[in-house]
file entry20.pdb (PDB, C-alpha atoms, pLDDT in the B column)
ATOM      1  CA  MET A 149      71.064  66.852  59.971  1.00 66.00           C
ATOM      2  CA  ILE A 150      72.760  64.391  62.284  1.00 88.00           C
ATOM      3  CA  TYR A 151      73.458  66.934  65.009  1.00 90.00           C
ATOM      4  CA  LYS A 152      69.718  67.376  65.570  1.00 94.00           C
ATOM      5  CA  GLU A 153      69.331  63.616  65.981  1.00 96.00           C
ATOM      6  CA  ILE A 154      72.234  63.623  68.445  1.00 96.00           C
ATOM      7  CA  LEU A 155      70.645  66.383  70.516  1.00 96.00           C
ATOM      8  CA  GLU A 156      67.311  64.568  70.554  1.00 97.00           C
ATOM      9  CA  LYS A 157      68.998  61.333  71.629  1.00 97.00           C
ATOM     10  CA  ILE A 158      71.093  62.843  74.423  1.00 98.00           C
ATOM     11  CA  ASN A 159      68.133  64.825  75.745  1.00 97.00           C
ATOM     12  CA  SER A 160      65.894  61.752  75.772  1.00 97.00           C
ATOM     13  CA  SER A 161      68.553  59.945  77.829  1.00 98.00           C
ATOM     14  CA  LEU A 162      69.107  62.832  80.251  1.00 98.00           C
ATOM     15  CA  GLU A 163      65.502  63.899  80.825  1.00 98.00           C
ATOM     16  CA  PRO A 164      64.430  60.942  83.052  1.00 97.00           C
ATOM     17  CA  LEU A 165      67.489  61.559  85.245  1.00 98.00           C
ATOM     18  CA  GLU A 166      66.612  65.238  85.826  1.00 98.00           C
ATOM     19  CA  LEU A 167      69.579  66.314  83.715  1.00 98.00           C
ATOM     20  CA  GLU A 168      69.549  68.572  80.679  1.00 98.00           C
ATOM     21  CA  SER A 169      71.965  69.565  77.924  1.00 98.00           C
ATOM     22  CA  TYR A 170      72.925  72.764  76.133  1.00 98.00           C
ATOM     23  CA  PRO A 171      74.794  72.560  72.793  1.00 98.00           C
ATOM     24  CA  PHE A 172      77.674  74.791  71.761  1.00 98.00           C
ATOM     25  CA  LEU A 173      80.596  74.853  69.345  1.00 98.00           C
ATOM     26  CA  VAL A 174      84.164  74.436  70.544  1.00 99.00           C
ATOM     27  CA  LYS A 175      85.160  77.764  68.972  1.00 98.00           C
ATOM     28  CA  TRP A 176      82.637  79.636  71.125  1.00 98.00           C
ATOM     29  CA  TYR A 177      84.357  78.281  74.213  1.00 98.00           C
ATOM     30  CA  ASN A 178      87.923  78.628  72.917  1.00 98.00           C
ATOM     31  CA  SER A 179      87.372  82.275  72.001  1.00 97.00           C
ATOM     32  CA  ARG A 180      86.715  83.115  75.662  1.00 96.00           C
ATOM     33  CA  VAL A 181      89.447  81.197  77.482  1.00 96.00           C
ATOM     34  CA  GLY A 182      93.218  81.478  77.725  1.00 95.00           C
ATOM     35  CA  GLU A 183      95.520  79.384  75.554  1.00 95.00           C
ATOM     36  CA  LYS A 184      96.139  76.768  78.253  1.00 94.00           C
ATOM     37  CA  PHE A 185      92.409  76.060  78.583  1.00 96.00           C
ATOM     38  CA  LYS A 186      91.560  75.741  74.873  1.00 97.00           C
ATOM     39  CA  LEU A 187      90.055  72.450  73.705  1.00 98.00           C
ATOM     40  CA  ASP A 188      92.015  70.590  71.040  1.00 97.00           C
ATOM     41  CA  TYR A 189      89.222  69.982  68.545  1.00 98.00           C
ATOM     42  CA  ASP A 190      88.137  71.514  65.256  1.00 98.00           C
ATOM     43  CA  ASP A 191      86.542  74.926  65.831  1.00 98.00           C
ATOM     44  CA  ASN A 192      83.116  73.785  64.651  1.00 98.00           C
ATOM     45  CA  THR A 193      83.031  70.568  66.688  1.00 98.00           C
ATOM     46  CA  LEU A 194      79.710  69.990  68.453  1.00 98.00           C
ATOM     47  CA  ALA A 195      79.729  69.813  72.254  1.00 99.00           C
ATOM     48  CA  CYS A 196      77.005  69.698  74.905  1.00 99.00           C
ATOM     49  CA  LEU A 197      77.125  70.950  78.467  1.00 99.00           C
ATOM     50  CA  VAL A 198      75.152  68.783  80.902  1.00 99.00           C
ATOM     51  CA  ILE A 199      73.692  70.302  84.056  1.00 99.00           C
ATOM     52  CA  ASN A 200      71.579  68.804  86.796  1.00 98.00           C
ATOM     53  CA  ARG A 201      68.202  70.129  87.834  1.00 97.00           C
ATOM     54  CA  PRO A 202      67.398  70.425  91.553  1.00 95.00           C
ATOM     55  CA  LYS A 203      65.258  67.265  91.457  1.00 96.00           C
ATOM     56  CA  MET A 204      68.202  65.157  90.272  1.00 97.00           C
ATOM     57  CA  PHE A 205      69.071  64.382  93.878  1.00 95.00           C
ATOM     58  CA  GLU A 206      65.763  62.703  94.687  1.00 94.00           C
ATOM     59  CA  LYS A 207      65.189  61.225  91.231  1.00 94.00           C
ATOM     60  CA  LEU A 208      68.666  59.830  90.516  1.00 96.00           C
ATOM     61  CA  PHE A 209      71.088  60.210  93.413  1.00 95.00           C
ATOM     62  CA  LEU A 210      68.919  58.819  96.242  1.00 94.00           C
ATOM     63  CA  GLN A 211      67.976  55.837  94.097  1.00 93.00           C
ATOM     64  CA  TYR A 212      71.667  55.226  93.422  1.00 93.00           C
ATOM     65  CA  ILE A 213      72.435  55.397  97.165  1.00 90.00           C
ATOM     66  CA  PHE A 214      69.620  52.974  98.036  1.00 89.00           C
ATOM     67  CA  GLU A 215      70.780  50.448  95.444  1.00 89.00           C
ATOM     68  CA  LYS A 216      74.407  50.793  96.503  1.00 83.00           C
ATOM     69  CA  PHE A 217      73.540  50.287 100.189  1.00 82.00           C
ATOM     70  CA  LYS A 218      71.338  47.299  99.375  1.00 84.00           C
ATOM     71  CA  LYS A 219      74.214  45.539  97.619  1.00 79.00           C
ATOM     72  CA  ASP A 220      76.894  46.474 100.156  1.00 77.00           C
ATOM     73  CA  PRO A 221      76.168  48.685 103.203  1.00 74.00           C
ATOM     74  CA  GLY A 222      79.886  49.272 103.696  1.00 70.00           C
ATOM     75  CA  SER A 223      80.243  50.786 100.234  1.00 66.00           C
ATOM     76  CA  LEU A 224      78.753  54.072 101.456  1.00 65.00           C
ATOM     77  CA  GLU A 225      81.905  54.599 103.512  1.00 71.00           C
ATOM     78  CA  SER A 226      83.900  54.991 100.308  1.00 69.00           C
ATOM     79  CA  GLN A 227      86.350  57.895 100.160  1.00 70.00           C
ATOM     80  CA  ASN A 228      85.109  58.667  96.653  1.00 78.00           C
ATOM     81  CA  ASP A 229      82.514  61.362  96.042  1.00 87.00           C
ATOM     82  CA  LEU A 230      79.221  59.482  95.791  1.00 91.00           C
ATOM     83  CA  ILE A 231      77.593  62.103  93.558  1.00 94.00           C
ATOM     84  CA  ASP A 232      80.509  61.809  91.139  1.00 95.00           C
ATOM     85  CA  GLU A 233      80.201  58.006  91.234  1.00 94.00           C
ATOM     86  CA  CYS A 234      76.478  58.218  90.533  1.00 96.00           C
ATOM     87  CA  LEU A 235      76.842  60.627  87.630  1.00 98.00           C
ATOM     88  CA  ASN A 236      79.833  58.775  86.184  1.00 97.00           C
ATOM     89  CA  GLN A 237      77.731  55.634  85.981  1.00 96.00           C
ATOM     90  CA  SER A 238      75.002  57.506  84.119  1.00 98.00           C
ATOM     91  CA  PHE A 239      77.393  59.389  81.839  1.00 98.00           C
ATOM     92  CA  ASN A 240      79.296  56.225  80.896  1.00 98.00           C
ATOM     93  CA  LYS A 241      76.031  54.524  79.991  1.00 98.00           C
ATOM     94  CA  ILE A 242      74.858  57.469  77.884  1.00 98.00           C
ATOM     95  CA  LYS A 243      78.270  57.744  76.202  1.00 98.00           C
ATOM     96  CA  LYS A 244      78.101  54.079  75.123  1.00 98.00           C
ATOM     97  CA  GLU A 245      74.538  54.497  73.895  1.00 97.00           C
ATOM     98  CA  LEU A 246      75.499  57.495  71.778  1.00 97.00           C
ATOM     99  CA  GLU A 247      78.611  55.818  70.378  1.00 97.00           C
ATOM    100  CA  ASN A 248      76.661  52.685  69.456  1.00 96.00           C
ATOM    101  CA  TRP A 249      73.686  54.580  68.068  1.00 95.00           C
ATOM    102  CA  PHE A 250      75.669  56.943  65.843  1.00 95.00           C
ATOM    103  CA  ALA A 251      78.850  54.863  65.320  1.00 94.00           C
ATOM    104  CA  MET A 252      81.142  57.647  66.488  1.00 96.00           C
ATOM    105  CA  ASP A 253      83.532  58.505  69.299  1.00 96.00           C
ATOM    106  CA  VAL A 254      82.261  60.678  72.135  1.00 98.00           C
ATOM    107  CA  ASP A 255      84.514  62.303  74.733  1.00 98.00           C
ATOM    108  CA  VAL A 256      83.126  63.138  78.168  1.00 99.00           C
ATOM    109  CA  ILE A 257      84.899  65.758  80.295  1.00 98.00           C
ATOM    110  CA  LYS A 258      83.682  65.817  83.899  1.00 98.00           C
ATOM    111  CA  ASP A 259      83.554  68.942  86.016  1.00 96.00           C
ATOM    112  CA  TYR A 260      86.164  67.697  88.506  1.00 95.00           C
ATOM    113  CA  GLU A 261      88.786  66.506  85.999  1.00 95.00           C
ATOM    114  CA  MET A 262      92.205  68.129  86.127  1.00 94.00           C
ATOM    115  CA  MET A 263      94.976  68.346  83.555  1.00 91.00           C
ATOM    116  CA  PRO A 264      97.766  65.796  84.142  1.00 87.00           C
ATOM    117  CA  GLY A 265     100.321  66.902  86.702  1.00 85.00           C
ATOM    118  CA  SER A 266      98.503  70.083  87.696  1.00 85.00           C
ATOM    119  CA  ARG A 267      95.530  71.469  89.589  1.00 86.00           C
ATOM    120  CA  ARG A 268      94.279  73.152  86.450  1.00 91.00           C
ATOM    121  CA  PRO A 269      90.798  72.066  85.347  1.00 95.00           C
ATOM    122  CA  LYS A 270      90.487  70.361  81.981  1.00 96.00           C
ATOM    123  CA  ILE A 271      87.631  72.668  81.101  1.00 98.00           C
ATOM    124  CA  ILE A 272      86.106  75.830  82.550  1.00 97.00           C
ATOM    125  CA  MET A 273      82.498  74.895  83.126  1.00 98.00           C
ATOM    126  CA  GLN A 274      81.310  78.448  83.809  1.00 97.00           C
ATOM    127  CA  THR A 275      82.433  79.495  80.332  1.00 97.00           C
ATOM    128  CA  CYS A 276      80.658  76.497  78.809  1.00 98.00           C
ATOM    129  CA  ALA A 277      77.493  77.515  80.645  1.00 98.00           C
ATOM    130  CA  HIS A 278      77.697  81.076  79.350  1.00 97.00           C
ATOM    131  CA  VAL A 279      78.421  80.319  75.674  1.00 97.00           C
ATOM    132  CA  SER A 280      75.815  77.539  75.523  1.00 98.00           C
ATOM    133  CA  GLY A 281      73.140  79.800  76.997  1.00 97.00           C
ATOM    134  CA  ALA A 282      72.650  77.511  79.994  1.00 98.00           C
ATOM    135  CA  ALA A 283      73.469  80.049  82.694  1.00 98.00           C
ATOM    136  CA  TYR A 284      74.794  83.579  83.055  1.00 97.00           C
ATOM    137  CA  PHE A 285      78.353  83.925  84.360  1.00 96.00           C
ATOM    138  CA  TYR A 286      79.015  86.861  86.667  1.00 95.00           C
ATOM    139  CA  ASP A 287      82.720  87.616  86.529  1.00 92.00           C
ATOM    140  CA  PRO A 288      84.215  89.577  89.455  1.00 88.00           C
ATOM    141  CA  LYS A 289      86.923  90.827  87.090  1.00 85.00           C
ATOM    142  CA  ASN A 290      84.304  93.169  85.681  1.00 83.00           C
ATOM    143  CA  PHE A 291      84.152  94.997  89.019  1.00 78.00           C
ATOM    144  CA  ASP A 292      86.427  96.863  91.364  1.00 72.00           C
ATOM    145  CA  TYR A 293      87.533  94.176  93.826  1.00 63.00           C
ATOM    146  CA  ASP A 294      87.037  96.653  96.684  1.00 70.00           C
ATOM    147  CA  LEU A 295      83.330  96.657  95.855  1.00 70.00           C
ATOM    148  CA  VAL A 296      83.062  92.867  95.912  1.00 70.00           C
ATOM    149  CA  ASN A 297      85.195  92.230  98.964  1.00 70.00           C
ATOM    150  CA  ASP A 298      83.206  92.166 102.143  1.00 63.00           C
ATOM    151  CA  ALA A 299      84.442  94.751 104.650  1.00 54.00           C
ATOM    152  CA  GLU A 300      84.051  92.317 107.544  1.00 50.00           C
ATOM    153  CA  LYS A 301      86.195  89.617 105.945  1.00 57.00           C
ATOM    154  CA  SER A 302      89.838  89.409 105.007  1.00 57.00           C
ATOM    155  CA  TYR A 303      90.575  90.816 101.561  1.00 60.00           C
ATOM    156  CA  LYS A 304      90.476  88.203  98.794  1.00 62.00           C
ATOM    157  CA  LYS A 305      92.645  88.681  95.739  1.00 67.00           C
ATOM    158  CA  ASN A 306      91.295  85.632  93.921  1.00 79.00           C
ATOM    159  CA  LEU A 307      87.567  86.167  93.822  1.00 84.00           C
ATOM    160  CA  MET A 308      85.473  83.506  92.119  1.00 90.00           C
ATOM    161  CA  GLY A 309      82.749  84.107  89.577  1.00 93.00           C
ATOM    162  CA  VAL A 310      79.339  82.498  89.848  1.00 96.00           C
ATOM    163  CA  CYS A 311      76.716  81.212  87.407  1.00 97.00           C
ATOM    164  CA  LEU A 312      72.968  81.631  87.793  1.00 97.00           C
ATOM    165  CA  HIS A 313      70.338  79.756  85.813  1.00 97.00           C
ATOM    166  CA  PRO A 314      67.285  81.790  84.714  1.00 94.00           C
ATOM    167  CA  ARG A 315      64.956  79.207  86.287  1.00 94.00           C
ATOM    168  CA  TYR A 316      66.974  77.314  88.902  1.00 96.00           C
ATOM    169  CA  GLY A 317      68.971  80.239  90.272  1.00 95.00           C
ATOM    170  CA  GLY A 318      72.018  78.648  91.872  1.00 96.00           C
ATOM    171  CA  TRP A 319      70.315  75.311  92.558  1.00 96.00           C
ATOM    172  CA  PHE A 320      72.004  73.445  89.749  1.00 97.00           C
ATOM    173  CA  ALA A 321      75.508  72.351  88.822  1.00 97.00           C
ATOM    174  CA  MET A 322      77.500  71.970  85.633  1.00 98.00           C
ATOM    175  CA  ARG A 323      78.467  68.310  85.595  1.00 98.00           C
ATOM    176  CA  ALA A 324      80.071  67.366  82.285  1.00 99.00           C
ATOM    177  CA  VAL A 325      80.671  68.252  78.665  1.00 99.00           C
ATOM    178  CA  PHE A 326      80.040  65.709  75.909  1.00 99.00           C
ATOM    179  CA  VAL A 327      82.232  66.375  72.874  1.00 99.00           C
ATOM    180  CA  PHE A 328      81.198  64.786  69.577  1.00 98.00           C
ATOM    181  CA  ARG A 329      84.628  64.802  67.973  1.00 96.00           C
ATOM    182  CA  ASP A 330      83.344  63.481  64.632  1.00 95.00           C
ATOM    183  CA  VAL A 331      80.559  66.040  64.293  1.00 97.00           C
ATOM    184  CA  VAL A 332      81.971  69.166  62.661  1.00 97.00           C
ATOM    185  CA  LEU A 333      79.230  71.562  61.613  1.00 96.00           C
ATOM    186  CA  GLU A 334      79.118  74.064  58.797  1.00 92.00           C
ATOM    187  CA  ASP A 335      79.125  77.752  59.681  1.00 90.00           C
ATOM    188  CA  GLY A 336      75.589  78.863  60.464  1.00 89.00           C
ATOM    189  CA  GLU A 337      74.194  75.390  61.189  1.00 92.00           C
ATOM    190  CA  ILE A 338      73.855  76.276  64.840  1.00 93.00           C
ATOM    191  CA  ASP A 339      73.714  79.766  66.311  1.00 92.00           C
ATOM    192  CA  MET A 340      74.964  80.944  69.676  1.00 92.00           C
ATOM    193  CA  LYS A 341      72.076  81.562  72.042  1.00 89.00           C
ATOM    194  CA  ASN A 342      71.773  84.842  73.870  1.00 88.00           C
ATOM    195  CA  VAL A 343      72.331  83.942  77.500  1.00 92.00           C
ATOM    196  CA  VAL A 344      69.665  85.356  79.819  1.00 93.00           C
ATOM    197  CA  ASP A 345      70.858  87.602  82.645  1.00 95.00           C
ATOM    198  CA  PRO A 346      68.587  86.572  85.557  1.00 95.00           C
ATOM    199  CA  LEU A 347      69.565  89.699  87.512  1.00 95.00           C
ATOM    200  CA  ASN A 348      68.706  91.980  84.574  1.00 94.00           C
ATOM    201  CA  GLY A 349      71.901  93.974  84.832  1.00 92.00           C
ATOM    202  CA  ASP A 350      71.163  95.136  88.392  1.00 92.00           C
ATOM    203  CA  MET A 351      74.691  95.804  89.674  1.00 90.00           C
ATOM    204  CA  THR A 352      73.559  95.893  93.306  1.00 90.00           C
ATOM    205  CA  LYS A 353      72.182  92.360  92.980  1.00 93.00           C
ATOM    206  CA  VAL A 354      75.259  91.179  91.089  1.00 92.00           C
ATOM    207  CA  LEU A 355      77.598  92.471  93.793  1.00 90.00           C
ATOM    208  CA  ASP A 356      75.384  90.875  96.437  1.00 91.00           C
ATOM    209  CA  VAL A 357      75.477  87.432  94.828  1.00 93.00           C
ATOM    210  CA  LEU A 358      79.246  87.644  94.267  1.00 92.00           C
ATOM    211  CA  GLN A 359      79.756  88.523  97.928  1.00 89.00           C
ATOM    212  CA  LYS A 360      77.484  85.724  99.121  1.00 91.00           C
ATOM    213  CA  PHE A 361      79.234  83.215  96.867  1.00 92.00           C
ATOM    214  CA  ASN A 362      82.781  84.217  97.793  1.00 90.00           C
ATOM    215  CA  PHE A 363      82.347  84.738 101.528  1.00 87.00           C
ATOM    216  CA  ASN A 364      79.356  82.643 102.582  1.00 87.00           C
ATOM    217  CA  TRP A 365      79.001  79.942  99.934  1.00 85.00           C
ATOM    218  CA  LYS A 366      78.459  77.203 102.542  1.00 90.00           C
ATOM    219  CA  ASP A 367      75.102  78.643 103.615  1.00 93.00           C
ATOM    220  CA  SER A 368      73.888  78.469  99.982  1.00 92.00           C
ATOM    221  CA  ARG A 369      72.079  81.824 100.165  1.00 93.00           C
ATOM    222  CA  TYR A 370      73.583  82.842  96.828  1.00 93.00           C
ATOM    223  CA  ARG A 371      71.659  79.968  95.251  1.00 95.00           C
ATOM    224  CA  ASP A 372      68.329  81.659  95.970  1.00 92.00           C
ATOM    225  CA  SER A 373      69.173  84.688  93.838  1.00 84.00           C
ATOM    226  CA  CYS A 374      66.559  84.975  91.045  1.00 79.00           C
ATOM    227  CA  LEU A 375      65.140  81.554  91.971  1.00 64.00           C
ATOM    228  CA  LYS A 376      61.729  80.903  90.426  1.00 61.00           C
ATOM    229  CA  SER A 377      58.971  79.944  92.858  1.00 50.00           C
ATOM    230  CA  THR A 378      58.494  76.519  91.273  1.00 50.00           C
ATOM    231  CA  ILE A 379      61.313  74.380  89.947  1.00 52.00           C
TER
END
call {"tool": "encode", "arguments": {"input": "entry20.pdb", "output": "C-alpha cells"}}
result
Amino acid sequence: MIYKEILEKINSSLEPLELESYPFLVKWYNSRVGEKFKLDYDDNTLACLVINRPKMFEKLFLQYIFEKFKKDPGSLESQNDLIDECLNQSFNKIKKELENWFAMDVDVIKDYEMMPGSRRPKIIMQTCAHVSGAAYFYDPKNFDYDLVNDAEKSYKKNLMGVCLHPRYGGWFAMRAVFVFRDVVLEDGEIDMKNVVDPLNGDMTKVLDVLQKFNFNWKDSRYRDSCLKSTI
C-alpha cells in the first residue's frame, strides 16, 4: 500500500527536525467546515498535518538562524517571519523529496496562507488537527459566550477556539498540510483516529483555557494546560 510508504517517508524526513505528521482524508476535513473552506480534492485524497514539537526551536530554528547570520548578518533584519522562512525551506525540501521518490505531485498548504484577495485562511488548521487526531479542538461555540468572556475584560463577540495536544499541551503549532493529490484511498483503508481530550471533559478546565487563550494569550499560560512533565 503506497500510502503507508508515503507516511513512513514523510515521518523519516520530519523526525530529525522535531516535526511530526498526522494523516487524514480530505472528506474528514470537508465534512466539518463551511463551503468556502472546503478543499477541492477527491473526498478520499490523503493529506497529512504537520506540527512542530517544542524542541523544534532549538533543533531546527536556532540552527537556521546561526547559518543565516553566518552568511549575512544583515539578513536577520528581514521583515519576513524567520520561523516561516525556516519551515518553508524544510517543507520545500521535503516536498521535492516526496515528489521525486514517488513520482507524484504534492501540494503544501502553510498555516499562514490566505485565499487570494481576502483575509480568509486557505485551510483551518484547528479542524485538521482534530480530524487527524493530532490535537483536541475546544470550540467556544459549544458554550454560552457569557461563560467564556472574562468579566474584567471587554465583551468579545468573536471568541477563538484553541487546540491542545495530549502530550505537548499548547506548546506546539500546526504548521502545514501536505496533500497527496494523486493518492486516493479506498473506503476503509485508513480510519479516523479518536482524538484524545486532554482535559477529560472537565468543563471548568475547558472554560479556563478558553479564557486564558482569548484574553491573555501573550503570557502563554494556556499552553501549560494538561502539559506533560517531560516533553
call {"tool": "residues_around", "arguments": {"input": "entry20.pdb", "residues": "range 310-323 of chain A", "least_positions_apart": "4", "cutoff": "7 Å", "atoms": "all atoms listed in the file", "output": "PyMOL selection string"}}
result
chain A and resi 198-202+258-259+273-274+282-287+344+346+358+370-376+379
call {"tool": "atom_distance", "arguments": {"input": "entry20.pdb", "atom1": "CA of Phe328 in chain A", "atom2": "CA of Leu173 in chain A"}}
result
10.1 Å
call {"tool": "residues_around", "arguments": {"input": "entry20.pdb", "residues": "Phe326 in chain A", "least_positions_apart": "5", "cutoff": "8 Å", "atoms": "only C-alpha atoms", "output": "list in words"}}
result
Ala195, Cys196, Leu197, Val198, Val254, Asp255, Val256 and Ile257 of chain A
call {"tool": "write_last_selection", "arguments": {"input": "entry20.pdb", "atoms": "C-alpha atoms", "output": "PDB file, in the frame of the given file"}}
result
ATOM      1  CA  ALA A 195      79.729  69.813  72.254  1.00 99.00           C
ATOM      2  CA  CYS A 196      77.005  69.698  74.905  1.00 99.00           C
ATOM      3  CA  LEU A 197      77.125  70.950  78.467  1.00 99.00           C
ATOM      4  CA  VAL A 198      75.152  68.783  80.902  1.00 99.00           C
ATOM      5  CA  VAL A 254      82.261  60.678  72.135  1.00 98.00           C
ATOM      6  CA  ASP A 255      84.514  62.303  74.733  1.00 98.00           C
ATOM      7  CA  VAL A 256      83.126  63.138  78.168  1.00 99.00           C
ATOM      8  CA  ILE A 257      84.899  65.758  80.295  1.00 98.00           C
TER       9      ILE A 257
END
call {"tool": "resolve_selection", "arguments": {"input": "entry20.pdb", "expression": "the PyMOL selection byres ((chain A and resi 174-182) around 8)", "output": "PyMOL selection string"}}
result
chain A and resi 172-173+183-187+189-195+275-276+279+340
call {"tool": "atom_distance", "arguments": {"input": "entry20.pdb", "atom1": "CA of Leu230 in chain A", "atom2": "CA of Lys243 in chain A"}}
result
19.7 Å
call {"tool": "closest_residue", "arguments": {"input": "entry20.pdb", "among": "A:Leu295, A:Lys218, A:Val331, A:Asn290", "to": "Glu153 in chain A", "atoms": "all atoms listed in the file"}}
result
A:Val331
call {"tool": "atom_distance", "arguments": {"input": "entry20.pdb", "atom1": "CA of Ala251 in chain A", "atom2": "CA of Ile154 in chain A"}}
result
11.4 Å
call {"tool": "closest_residue", "arguments": {"input": "entry20.pdb", "among": "A:Leu162, A:Leu355, A:Val332, A:Ala324", "to": "Ile271 in chain A", "atoms": "all atoms listed in the file"}}
result
A:Ala324
call {"tool": "residues_around", "arguments": {"input": "entry20.pdb", "residues": "Ile213 in chain A", "least_positions_apart": "5", "cutoff": "12 Å", "atoms": "all atoms listed in the file", "output": "PyMOL selection string"}}
result
chain A and resi 205-208+218-226+229-235
call {"tool": "closest_residue", "arguments": {"input": "entry20.pdb", "among": "A:Tyr151, A:Tyr212, A:Phe250, A:Tyr170", "to": "Leu333 in chain A", "atoms": "all atoms listed in the file"}}
result
A:Tyr151
call {"tool": "residues_around", "arguments": {"input": "entry20.pdb", "residues": "Lys157 in chain A", "least_positions_apart": "6", "cutoff": "12 Å", "atoms": "only C-alpha atoms", "output": "list of chain:residue names"}}
result
A:Ile150, A:Tyr151, A:Glu163, A:Glu168, A:Ser169, A:Ile242, A:Lys243, A:Glu245, A:Leu246, A:Glu247, A:Asn248, A:Trp249, A:Phe250
call {"tool": "resolve_selection", "arguments": {"input": "entry20.pdb", "expression": "the PyMOL selection byres ((chain A and resi 296) around 9)", "output": "NGL selection string"}}
result
:A and (288 or 291-295 or 297-298 or 307 or 355-356 or 358-359 or 362)
call {"tool": "write_last_selection", "arguments": {"input": "entry20.pdb", "atoms": "C-alpha atoms", "output": "PDB file, in the frame of the given file"}}
result
ATOM      1  CA  PRO A 288      84.215  89.577  89.455  1.00 88.00           C
ATOM      2  CA  PHE A 291      84.152  94.997  89.019  1.00 78.00           C
ATOM      3  CA  ASP A 292      86.427  96.863  91.364  1.00 72.00           C
ATOM      4  CA  TYR A 293      87.533  94.176  93.826  1.00 63.00           C
ATOM      5  CA  ASP A 294      87.037  96.653  96.684  1.00 70.00           C
ATOM      6  CA  LEU A 295      83.330  96.657  95.855  1.00 70.00           C
ATOM      7  CA  ASN A 297      85.195  92.230  98.964  1.00 70.00           C
ATOM      8  CA  ASP A 298      83.206  92.166 102.143  1.00 63.00           C
ATOM      9  CA  LEU A 307      87.567  86.167  93.822  1.00 84.00           C
ATOM     10  CA  LEU A 355      77.598  92.471  93.793  1.00 90.00           C
ATOM     11  CA  ASP A 356      75.384  90.875  96.437  1.00 91.00           C
ATOM     12  CA  LEU A 358      79.246  87.644  94.267  1.00 92.00           C
ATOM     13  CA  GLN A 359      79.756  88.523  97.928  1.00 89.00           C
ATOM     14  CA  ASN A 362      82.781  84.217  97.793  1.00 90.00           C
TER      15      ASN A 362
END
call {"tool": "decode", "arguments": {"input": "entry20.pdb", "residues": "range 224-264 of chain A", "atoms": "C-alpha atoms", "output": "PDB file, in the first residue's frame"}}
result
ATOM      1  CA  LEU A 224      18.208  38.802  10.313  1.00  0.00           C
ATOM      2  CA  GLU A 225      16.694  42.265   9.924  1.00  0.00           C
ATOM      3  CA  SER A 226      14.347  40.913   7.266  1.00  0.00           C
ATOM      4  CA  GLN A 227      10.692  41.929   7.531  1.00  0.00           C
ATOM      5  CA  ASN A 228       9.716  38.328   6.814  1.00  0.00           C
ATOM      6  CA  ASP A 229       8.830  35.940   9.624  1.00  0.00           C
ATOM      7  CA  LEU A 230      12.021  33.976  10.252  1.00  0.00           C
ATOM      8  CA  ILE A 231      10.184  30.912  11.576  1.00  0.00           C
ATOM      9  CA  ASP A 232       8.109  30.820   8.394  1.00  0.00           C
ATOM     10  CA  GLU A 233      11.288  31.174   6.312  1.00  0.00           C
ATOM     11  CA  CYS A 234      12.937  28.337   8.218  1.00  0.00           C
ATOM     12  CA  LEU A 235       9.984  25.984   7.893  1.00  0.00           C
ATOM     13  CA  ASN A 236       9.381  26.892   4.250  1.00  0.00           C
ATOM     14  CA  GLN A 237      12.927  25.842   3.449  1.00  0.00           C
ATOM     15  CA  SER A 238      12.387  22.493   5.156  1.00  0.00           C
ATOM     16  CA  PHE A 239       8.931  21.924   3.676  1.00  0.00           C
ATOM     17  CA  ASN A 240      10.097  22.728   0.139  1.00  0.00           C
ATOM     18  CA  LYS A 241      12.938  20.244   0.505  1.00  0.00           C
ATOM     19  CA  ILE A 242      10.637  17.517   1.830  1.00  0.00           C
ATOM     20  CA  LYS A 243       8.065  18.234  -0.893  1.00  0.00           C
ATOM     21  CA  LYS A 244      10.711  17.734  -3.609  1.00  0.00           C
ATOM     22  CA  GLU A 245      11.954  14.555  -1.957  1.00  0.00           C
ATOM     23  CA  LEU A 246       8.449  13.110  -1.842  1.00  0.00           C
ATOM     24  CA  GLU A 247       7.655  14.106  -5.425  1.00  0.00           C
ATOM     25  CA  ASN A 248      10.898  12.583  -6.700  1.00  0.00           C
ATOM     26  CA  TRP A 249      10.616   9.454  -4.579  1.00  0.00           C
ATOM     27  CA  PHE A 250       7.020   8.622  -5.500  1.00  0.00           C
ATOM     28  CA  ALA A 251       6.768  10.398  -8.891  1.00  0.00           C
ATOM     29  CA  MET A 252       3.685  12.365  -7.893  1.00  0.00           C
ATOM     30  CA  ASP A 253       2.550  15.918  -7.229  1.00  0.00           C
ATOM     31  CA  VAL A 254       2.381  17.105  -3.631  1.00  0.00           C
ATOM     32  CA  ASP A 255       0.655  20.313  -2.538  1.00  0.00           C
ATOM     33  CA  VAL A 256       1.778  22.065   0.639  1.00  0.00           C
ATOM     34  CA  ILE A 257      -0.608  24.490   2.360  1.00  0.00           C
ATOM     35  CA  LYS A 258       1.082  26.572   5.058  1.00  0.00           C
ATOM     36  CA  ASP A 259      -0.670  27.773   8.182  1.00  0.00           C
ATOM     37  CA  TYR A 260      -0.370  31.465   7.266  1.00  0.00           C
ATOM     38  CA  GLU A 261      -1.608  31.235   3.661  1.00  0.00           C
ATOM     39  CA  MET A 262      -4.702  33.213   2.736  1.00  0.00           C
ATOM     40  CA  MET A 263      -7.146  32.850  -0.135  1.00  0.00           C
ATOM     41  CA  PRO A 264      -6.486  35.318  -2.982  1.00  0.00           C
TER      42      PRO A 264
END
